[in-house]
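Worksheet: one structure, shown below.
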Amino acid sequence: MHKYHSSLSKRQSRPLLPPHSAEMKSVVVAAVLGALAVNASPLQASTAGMMYLHPKITPNLLVDINTLNFALTLEHVEVAFYTMGLRNYTEQDFRRAGLPAGARTQFLGILENEAAHVAFLEGLLGTRAVRPCTYKFPVDSPKSFAALSQVIENVGTGAYTGAIDTLSQQYITGSASILGTEARQASLLASYVNGVEGWGNPFNIPLTKNQAFTLAAPFFVDCPSSNPPLVGVRANPSLTFPSNSNPGQTVSVEFESVNSNRKHFAVFLFGLEQIVVPVNKGRVTIPERLAGQVYCLISDSPNGVTDGTTVAGPAVLQFQYTLTGEYIENR
């Protein structure tokens, strides 16, 4: 095993400044991004085990069931996350933390939306639906809850964007409707709650199931043994950037590779683009034009990244701007 160690500090938790402040710094989700180092997950999938669902089940229906259960798995995470935050923090807690009036009301509305998404997917899947797991989230304050909510909603948007074309026609409209709501929620959390621009690119970033699962897996503690496996879905090894990374900088990154003799490439997912940058002795130059929530993976191919060429990641990077268009430097 070969390991590149960052010469800079890993992401550390720091509070967000009040939205719309002239001294606004970046919404770096420190505890979140540090926690997204991949550990063994109770959802780590096998490639067998779904044919028992129905003796006459077809391959297309198997794919639909797997994708719908993948979506339901992420929706269960969101319901648990918002339930936890609303149980732990009052409106006064959010206001004392510098968040805007009505932030808790917005979180409550998002929880209701996510619960409706769960009910919709469970209605489609019936007895084949996965049940909720137990979870642990790296949240210790109203601000870290608000910051993580923005990350989670963007990951959910990317997961639906990437998975929707695997579904049969009859499931696309409902899934696209959920996708639209997830995107609106992500933008609301960024702009109203956290005081930053709600997008960084005209296009949502599509995430593969493995990429989205890698980002969600650290939240899982235990799952019901009766849950069907997410066939073909697995978590990738972790990739870590220093917390003070900014576009245009060359930084040290940390990841593990089973083949240290192969060349590695950092692939930045930005809208519908894959921007490929060589890794040189564990160092990566971040492209200058990145903005918003961006993802980076390490690939062993110079042509971009697929699940088959992935070495590590994705890592979440946030290159954010104030609502007046000023870049918020990560420090």
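Convention: chains lettered A, B, ... in structure tokens order; per-chain residue numbering from 1; ligands numbered from 1 as shown.
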
Sorted per-residue table, stretch 151-226 of chain A near stretch 98-103 of chain A, closest atoms and distance, 8 Å, only C-alpha atoms, as a Markdown table:
```
| residue | atom | partner | partner_atom | distance |
| --- | --- | --- | --- | --- |
| A:Tyr192 | CA | A:Pro100 | CA | 7.5 |
| A:Val193 | CA | A:Ala103 | CA | 6.1 |
| A:Asn194 | CA | A:Leu99 | CA | 7.3 |
```

Would you write out those residues with N, CA, C and O atoms, as a short mmCIF file (atom, residue, chain, number, x, y, z; two decimals), in the first residue's frame?
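Once everything was written out, this is selection-v8.cif:
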```cif
data_model
loop_
_atom_site.label_atom_id
_atom_site.label_comp_id
_atom_site.auth_asym_id
_atom_site.auth_seq_id
_atom_site.Cartn_x
_atom_site.Cartn_y
_atom_site.Cartn_z
N TYR A 192 -29.95 31.27 1.77
CA TYR A 192 -30.66 31.88 2.89
C TYR A 192 -30.02 31.53 4.22
O TYR A 192 -29.77 32.40 5.06
N VAL A 193 -29.76 30.25 4.45
CA VAL A 193 -29.27 29.83 5.77
C VAL A 193 -27.79 30.12 5.94
O VAL A 193 -27.36 30.68 6.96
N ASN A 194 -26.96 29.77 4.93
CA ASN A 194 -25.51 29.91 5.08
C ASN A 194 -24.93 31.15 4.40
O ASN A 194 -23.74 31.42 4.52
#
```

Legend entry - Top pick for closest residue to A:Ala97, considering A:Val294, A:Ala146, A:Leu68, A:Val79 and counting only C-alpha atoms: A:Ala146

Legend entry - Using only C-alpha atoms: which of A:Phe270, A:Tyr89, A:Tyr160, A:Phe107 has the shortest distance to A:Asn201: A:Phe270

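Pairwise distance (atom CA of A:Tyr82, atom CA of A:Ser191) equals 18.4 Å.
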
Legend entry - Nearest residue to A:Phe219 from the set A:Glu122, A:Val139, A:Leu323, A:Glu329 (distances using only C-alpha atoms): A:Val139

Legend entry - Distance criterion (only C-alpha atoms): nearest to A:Ala176 out of A:Ile65, A:Leu230, A:Val276, A:Ile164: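 Closest to A:Ala176, using only C-alpha atoms: A:Ile164.
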
Legend entry - Nearest candidate to A:Ala190 (options A:Tyr321, A:Phe120, A:Phe241, A:Phe255; using only C-alpha atoms):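 Closest to A:Ala190, using only C-alpha atoms: A:Tyr321.
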